[in-house]
$ cat start_6.txt   # compact mmCIF, C-alpha atoms
# COMPACT_ATOMS: atom_id res chain seq x y z
CA MET U 260 44.72 64.17 82.35
CA GLU U 261 46.34 66.05 85.24
CA LEU U 262 45.55 69.75 85.51
CA ALA U 263 49.22 70.66 85.24
CA SER U 264 49.41 69.07 81.81
CA LEU U 265 46.14 70.46 80.44
CA PRO U 266 46.60 72.81 77.48
CA ASP U 267 45.82 76.45 78.28
CA ALA U 268 42.51 76.47 76.38
CA ARG U 269 41.14 73.47 78.25
CA LEU U 270 42.32 74.87 81.57
CA VAL U 271 40.57 78.18 80.85
CA ALA U 272 37.36 76.34 79.91
CA ARG U 273 37.44 74.47 83.19
CA CYS U 274 38.03 77.69 85.14
CA ARG U 275 35.08 79.27 83.39
CA SER U 276 32.89 76.35 84.42
CA GLY U 277 33.72 77.06 88.07
CA ASP U 278 36.40 74.41 88.65
CA GLU U 279 38.39 75.87 91.55
CA ASP U 280 41.25 73.38 91.21
CA ALA U 281 41.63 74.53 87.62
CA TRP U 282 41.74 78.14 88.83
CA ARG U 283 44.52 77.28 91.29
CA GLU U 284 46.47 75.68 88.45
CA LEU U 285 45.91 78.72 86.23
CA VAL U 286 47.30 81.01 88.94
CA SER U 287 50.25 78.70 89.45
CA ARG U 288 50.92 78.53 85.70
CA PHE U 289 51.00 82.31 85.17
CA SER U 290 52.17 83.61 88.55
CA ARG U 291 55.88 83.75 87.65
CA TYR U 292 55.11 85.59 84.42
CA VAL U 293 52.93 88.21 86.10
CA TYR U 294 55.47 88.65 88.89
CA ALA U 295 58.33 89.06 86.41
CA ILE U 296 56.46 91.74 84.43
CA CYS U 297 55.79 93.70 87.62
CA SER U 298 59.26 93.35 89.08
CA GLN U 299 61.53 93.22 86.01
CA ALA U 300 59.75 95.01 83.16
CA PHE U 301 58.30 97.79 85.35
CA ARG U 302 60.51 97.45 88.42
CA LEU U 303 57.61 98.18 90.74
CA ARG U 304 58.24 98.40 94.45
CA GLN U 305 57.38 95.16 96.22
CA ASP U 306 54.13 96.45 97.75
CA ASP U 307 53.00 97.90 94.42
CA ALA U 308 53.97 94.70 92.66
CA GLU U 309 51.88 92.71 95.12
CA ASP U 310 48.85 94.97 94.54
CA VAL U 311 49.18 94.64 90.76
CA PHE U 312 49.72 90.88 91.03
CA GLN U 313 46.50 90.44 93.01
CA GLU U 314 44.58 92.83 90.76
CA VAL U 315 45.65 90.95 87.63
CA PHE U 316 44.26 87.68 88.94
CA ALA U 317 41.14 89.33 90.36
CA ARG U 318 40.37 90.83 86.94
CA ALA U 319 41.25 87.65 85.12
CA TYR U 320 38.85 85.76 87.38
CA GLU U 321 36.06 88.29 86.85
CA HIS U 322 36.50 88.73 83.12
CA LEU U 323 37.54 85.31 81.91
CA GLU U 324 34.38 85.13 79.79
CA ARG U 325 35.60 88.13 77.76
CA LEU U 326 38.55 86.18 76.41
CA ARG U 327 37.71 85.52 72.77
CA ASP U 328 40.32 82.83 72.21
CA ASP U 329 41.03 80.55 75.17
CA GLU U 330 44.43 79.65 73.73
CA ALA U 331 45.42 83.31 74.04
CA ILE U 332 45.26 83.39 77.83
CA ARG U 333 49.01 84.06 78.18
CA PRO U 334 49.13 87.18 75.98
CA TRP U 335 45.82 88.34 77.51
CA ILE U 336 47.24 88.09 81.03
CA GLY U 337 50.44 89.71 79.80
CA GLN U 338 48.59 92.70 78.39
CA LEU U 339 46.41 93.01 81.48
CA THR U 340 49.51 93.00 83.70
CA ARG U 341 51.20 95.54 81.48
CA ARG U 342 48.19 97.90 81.59
CA LEU U 343 47.91 97.68 85.36
CA CYS U 344 51.66 98.23 85.76
CA ILE U 345 51.46 101.32 83.55
CA ASP U 346 48.60 102.65 85.72
CA ARG U 347 50.66 102.01 88.83
CA HIS U 348 53.75 103.49 87.20
CA ARG U 349 51.84 106.65 86.36
CA ALA U 350 50.73 106.84 89.96
CA GLY U 351 54.41 106.96 90.97
CA GLY U 352 54.97 103.37 92.02
CA ARG U 353 58.40 102.82 90.48
CA GLU U 354 61.59 102.86 92.46
CA GLU U 355 63.83 104.75 90.08
CA LEU U 356 61.75 106.88 87.73
CA SER U 357 59.24 109.65 88.28
CA GLY U 358 55.57 108.93 87.65
CA ASP U 359 55.26 111.12 84.56
CA GLU U 360 57.52 109.00 82.36
CA PRO U 361 55.43 107.04 79.84
CA ALA U 362 57.05 103.61 80.29
CA PRO U 363 60.33 102.14 81.46
CA PRO U 364 63.16 102.19 78.89
CA GLY U 365 63.64 98.85 77.17
CA LEU U 366 60.14 97.69 78.05
CA ASP U 367 59.48 95.95 74.75
CA GLU U 368 62.79 94.10 74.87
CA THR U 369 62.15 92.99 78.45
CA MET U 370 58.64 91.82 77.57
CA GLU U 371 60.04 89.86 74.64
CA ARG U 372 62.60 88.22 76.92
CA LEU U 373 59.89 87.33 79.46
CA ASP U 374 57.71 85.86 76.71
CA ASP U 375 60.67 83.72 75.65
CA ALA U 376 61.24 82.77 79.28
CA PHE U 377 57.60 81.73 79.59
CA ALA U 378 57.97 79.53 76.51
CA VAL U 379 61.06 77.92 78.04
CA HIS U 380 59.17 77.27 81.27
CA GLU U 381 56.37 75.70 79.24
CA ALA U 382 58.91 73.38 77.65
CA LEU U 383 60.37 72.74 81.10
CA ALA U 384 56.94 71.63 82.31
CA THR U 385 56.96 68.82 79.75
CA LEU U 386 60.18 67.27 81.10
CA PRO U 387 60.27 64.43 83.64
CA GLU U 388 59.83 65.67 87.20
CA ASN U 389 63.47 65.05 88.19
CA CYS U 390 64.68 67.35 85.40
CA ARG U 391 62.03 70.01 86.06
CA GLU U 392 62.93 70.06 89.70
CA ILE U 393 66.68 70.21 89.34
CA LEU U 394 66.68 72.90 86.64
CA ASP U 395 64.14 75.06 88.43
CA ARG U 396 65.88 74.75 91.78
CA PHE U 397 69.30 75.55 90.34
CA PHE U 398 68.44 78.34 87.90
CA ALA U 399 65.15 79.90 89.06
CA GLN U 400 65.45 79.37 92.80
CA ASP U 401 69.22 79.84 92.90
CA GLU U 402 69.82 76.85 95.17
CA SER U 403 73.30 75.41 95.68
CA TYR U 404 74.34 71.90 94.65
CA GLN U 405 74.39 70.99 98.33
CA THR U 406 70.82 72.23 98.96
CA ILE U 407 69.53 70.50 95.85
CA GLY U 408 71.33 67.29 96.71
CA ALA U 409 69.84 67.27 100.21
CA ALA U 410 66.32 68.12 98.98
CA LEU U 411 66.28 65.53 96.19
CA ASP U 412 68.37 62.93 97.99
CA ILE U 413 71.02 62.72 95.30
CA PRO U 414 74.82 63.08 95.63
CA ALA U 415 75.84 66.74 95.23
CA GLY U 416 78.74 65.62 93.04
CA THR U 417 76.38 64.34 90.34
CA ILE U 418 74.26 67.48 90.10
CA ALA U 419 76.35 69.34 87.52
CA SER U 420 76.16 66.43 85.10
CA ARG U 421 72.42 66.01 85.74
CA ILE U 422 71.87 69.71 85.04
CA SER U 423 73.78 69.38 81.80
CA ARG U 424 71.76 66.33 80.70
CA CYS U 425 68.48 68.01 81.66
CA LEU U 426 69.41 71.17 79.76
CA GLY U 427 69.94 68.99 76.71
CA LYS U 428 66.48 67.51 77.14
CA LEU U 429 65.04 70.97 77.64
CA ARG U 430 66.62 72.15 74.43
CA GLU U 431 65.05 69.26 72.53
CA ALA U 432 61.64 69.96 74.10
CA PHE U 433 61.92 73.70 73.44
CA GLU U 434 62.86 73.24 69.81
CA GLY U 435 59.78 71.06 69.35
CA ARG U 436 57.40 73.75 70.60
CA LYS U 437 55.06 75.81 68.43
CA PRO U 438 55.14 79.63 68.68
CA SER U 439 52.74 81.15 71.24
CA ALA U 440 49.36 82.66 70.26
CA GLU U 441 48.82 86.37 69.67
CA PRO U 442 46.89 88.62 72.10
CA SER U 443 43.11 88.41 72.18
CA GLY U 444 40.16 89.67 74.24
CA MET R 107 63.90 80.52 68.94
CA ASN R 108 65.48 77.27 67.80
CA ALA R 109 68.95 78.76 67.86
CA TYR R 110 68.95 79.14 71.65
CA ASP R 111 71.84 77.31 73.21
CA GLU R 112 71.81 75.79 76.67
CA GLU R 113 73.33 78.86 78.27
CA ARG R 114 70.51 80.98 76.88
CA LEU R 115 67.93 78.44 78.07
CA ALA R 116 69.41 78.56 81.57
CA GLU R 117 69.23 82.35 81.51
CA LEU R 118 65.56 82.18 80.52
CA ILE R 119 64.73 79.71 83.29
CA ARG R 120 66.35 82.16 85.69
CA ALA R 121 64.25 85.03 84.28
CA LEU R 122 61.06 83.73 85.92
CA PRO R 123 61.67 83.25 89.64
CA LEU R 124 58.90 82.19 91.99
CA PRO R 125 56.77 85.00 93.41
CA PRO R 126 56.29 85.10 97.19
CA GLU R 127 54.24 82.06 98.21
CA GLY R 128 51.61 84.14 100.02
CA TRP R 129 50.83 86.14 96.87
CA VAL R 130 50.17 82.97 94.92
CA ARG R 131 48.06 81.43 97.67
CA ALA R 132 45.91 84.57 97.97
CA ALA R 133 45.26 84.61 94.21
CA GLN R 134 44.49 80.89 94.23
CA GLU R 135 41.94 81.36 97.01
CA LEU R 136 40.13 84.11 95.13
CA PRO R 137 37.00 82.02 94.42
CA PHE R 138 36.64 81.24 98.13
CA ALA R 139 37.24 84.90 99.04
CA ARG R 140 34.57 85.96 96.52
CA ARG R 141 32.03 83.60 98.07
CA GLN R 142 32.82 85.02 101.50
CA LEU R 143 32.45 88.54 100.14
CA ASP R 144 29.02 87.76 98.73
CA ASP R 145 28.03 86.20 102.04
CA ILE R 146 29.17 89.25 104.03
CA VAL R 147 27.37 91.69 101.75
CA ALA R 148 24.17 89.62 101.89
CA ARG R 149 24.35 89.52 105.68
CA ALA R 150 24.99 93.27 105.85
CA GLU R 151 21.91 93.90 103.72
CA ALA R 152 19.79 91.74 106.01
CA ASP R 153 21.26 92.81 109.35
CA LEU R 154 21.57 96.56 109.97
CA GLU R 155 23.55 96.11 113.17
CA PHE R 156 26.16 94.02 111.36
CA ARG R 157 26.29 96.60 108.62
CA ARG R 158 26.88 99.43 111.13
CA ALA R 159 29.68 97.43 112.75
CA LEU R 160 31.30 96.86 109.35
CA VAL R 161 31.11 100.54 108.44
CA ALA R 162 32.49 101.60 111.85
CA ASP R 163 35.49 99.21 111.84
CA LEU R 164 35.55 96.79 108.96
CA GLU R 165 38.42 94.57 110.00
CA GLU R 166 37.38 94.32 113.65
CA ALA R 167 33.77 93.51 112.71
CA LEU R 168 34.96 90.78 110.34
CA ARG R 169 37.23 89.26 112.97
CA ALA R 170 34.36 89.30 115.48
CA GLU R 171 32.34 87.20 113.06
CA GLY R 172 35.13 84.70 112.43
CA TYR R 173 36.38 86.02 109.09
CA GLU R 174 40.06 86.55 108.39
CA PRO R 175 40.33 90.10 106.94
CA GLY R 176 43.75 89.42 105.41
CA THR R 177 42.25 86.89 103.02
CA LEU R 178 39.46 89.18 101.75
CA PRO R 179 39.48 91.91 99.08
CA LEU R 180 38.68 94.67 101.61
CA GLU R 181 38.62 97.58 99.16
CA GLU R 182 36.00 95.84 97.08
CA LEU R 183 34.01 95.04 100.21
CA ARG R 184 34.10 98.72 101.24
CA ARG R 185 32.89 99.74 97.77
CA ARG R 186 30.03 97.26 97.91
CA LEU R 187 29.01 98.36 101.39
CA ASP R 188 29.03 102.00 100.23
CA GLY R 189 27.05 101.23 97.09

$ encode --input "start_6.txt" --output "structure tokens"
Amino acid sequence: MELASLPDARLVARCRSGDEDAWRELVSRFSRYVYAICSQAFRLRQDDAEDVFQEVFARAYEHLERLRDDEAIRPWIGQLTRRLCIDRHRAGGREELSGDEPAPPGLDETMERLDDAFAVHEALATLPENCREILDRFFAQDESYQTIGAALDIPAGTIASRISRCLGKLREAFEGRKPSAEPSG
Amino acid sequence: MNAYDEERLAELIRALPLPPEGWVRAAQELPFARRQLDDIVARAEADLEFRRALVADLEEALRAEGYEPGTLPLEELRRRLDG
């Protein structure tokens, strides 16, 4: 089984055994989520966001053995990111608010939205590569039809219909997913 | 969750953009960086001259020995050299 399709628990077990390819996959799998918490939920400045991003993965690497339930890696990383962002926020790292405010307004709603987004990206990862690529390029990377057409060697005029078909497949895959695990560790 | 229509799904794809590539690469290379860190600390314990050079100018001393300071957790290295 390819690393990209390994369930979280098996990926974590392989990381813990010292498999560096598995670690690279784990970082890849959670990097968007960590980045989004830093930049959207806490609106950290870019340099602060980078520090928190690196610290999250450094701590995850060091403390992976403390995770009680390997399936709960996503909420564990989410909580770790949140704690480190709060520390940074208290130290005055946010763009718009002073450092003595307890947390950004709407934090829980934003976290909930990012958790949903993570679940959608998990469903996206189960789609055929052509659908994954086209949906990610168009929606997450904000590429134009022309850029996507050139990169994937498909006529730009067919991209809208492909996106629509792939969104339909994504919806089916998403509706078949189980809810994510609760925090642990 | 099942009630999400395709517009909502698109919005949620958009909610997780890619982080800068360099950030991801640095985090992915953490195991390699950790091994280098252990190697540097071990050398500093065995070689006083190397240790003095590191304390005097960490980044320059690392470069002189063929390490790339930008890929190493320098704050942690400083803490370990102080400890």

$ closest_residue --input "start_6.txt" --among "R:Ala132, R:Ile146, R:Ala139, R:Leu124" --to "Ala167 of chain R" --atoms "all atoms listed in the file"
R:Ile146

$ interface_residues --input "start_6.txt" --of "chain R" --to "chain U" --cutoff "9 Å" --atoms "all atoms listed in the file" --output "PyMOL selection string"
chain R and resi 107-113+115-125+129-138

$ residues_around --input "start_6.txt" --residues "Pro266 of chain U" --least-positions-apart "5" --cutoff "10 Å" --atoms "all atoms listed in the file" --output "MDAnalysis selection string"
chainID U and resid 271 329:330

$ residues_around --input "start_6.txt" --residues "Asp145 of chain R" --least-positions-apart "6" --cutoff "12 Å" --atoms "all atoms listed in the file" --output "PyMOL selection string"
chain R and resi 138-139+151-153+168+171+173+178+183+186

$ write_last_selection --input "start_6.txt" --atoms "C-alpha atoms" --output "compact mmCIF listing (two decimals), in the frame of the given file"
# COMPACT_ATOMS: atom_id res chain seq x y z
CA PHE R 138 36.64 81.24 98.13
CA ALA R 139 37.24 84.90 99.04
CA GLU R 151 21.91 93.90 103.72
CA ALA R 152 19.79 91.74 106.01
CA ASP R 153 21.26 92.81 109.35
CA LEU R 168 34.96 90.78 110.34
CA GLU R 171 32.34 87.20 113.06
CA TYR R 173 36.38 86.02 109.09
CA LEU R 178 39.46 89.18 101.75
CA LEU R 183 34.01 95.04 100.21
CA ARG R 186 30.03 97.26 97.91

$ atom_distance --input "start_6.txt" --atom1 "atom CA of Asp346 of chain U" --atom2 "atom CA of Arg140 of chain R"
24.3 Å

$ residues_around --input "start_6.txt" --residues "Leu187 of chain R" --least-positions-apart "6" --cutoff "12 Å" --atoms "all atoms listed in the file" --output "PyMOL selection string"
chain R and resi 143-144+146-151+154+156-162+164+180-181

$ atom_distance --input "start_6.txt" --atom1 "atom CA of Arg275 of chain U" --atom2 "atom CA of Pro387 of chain U"
29.2 Å

$ atom_distance --input "start_6.txt" --atom1 "atom CA of Leu262 of chain U" --atom2 "atom CA of Asp412 of chain U"
26.9 Å

$ residues_around --input "start_6.txt" --residues "Thr417 of chain U" --least-positions-apart "4" --cutoff "9 Å" --atoms "all atoms listed in the file" --output "MDAnalysis selection string"
chainID U and resid 404 408 413 421:422

$ write_last_selection --input "start_6.txt" --atoms "C-alpha atoms" --output "short mmCIF file (atom, residue, chain, number, x, y, z; two decimals), keeping the file's coordinate frame"
data_model
loop_
_atom_site.label_atom_id
_atom_site.label_comp_id
_atom_site.auth_asym_id
_atom_site.auth_seq_id
_atom_site.Cartn_x
_atom_site.Cartn_y
_atom_site.Cartn_z
CA TYR U 404 74.34 71.90 94.65
CA GLY U 408 71.33 67.29 96.71
CA ILE U 413 71.02 62.72 95.30
CA ARG U 421 72.42 66.01 85.74
CA ILE U 422 71.87 69.71 85.04
#

$ closest_residue --input "start_6.txt" --among "U:Arg269, U:Arg318, U:Arg288, U:Arg347" --to "Ala384 of chain U" --atoms "all atoms listed in the file"
U:Arg288
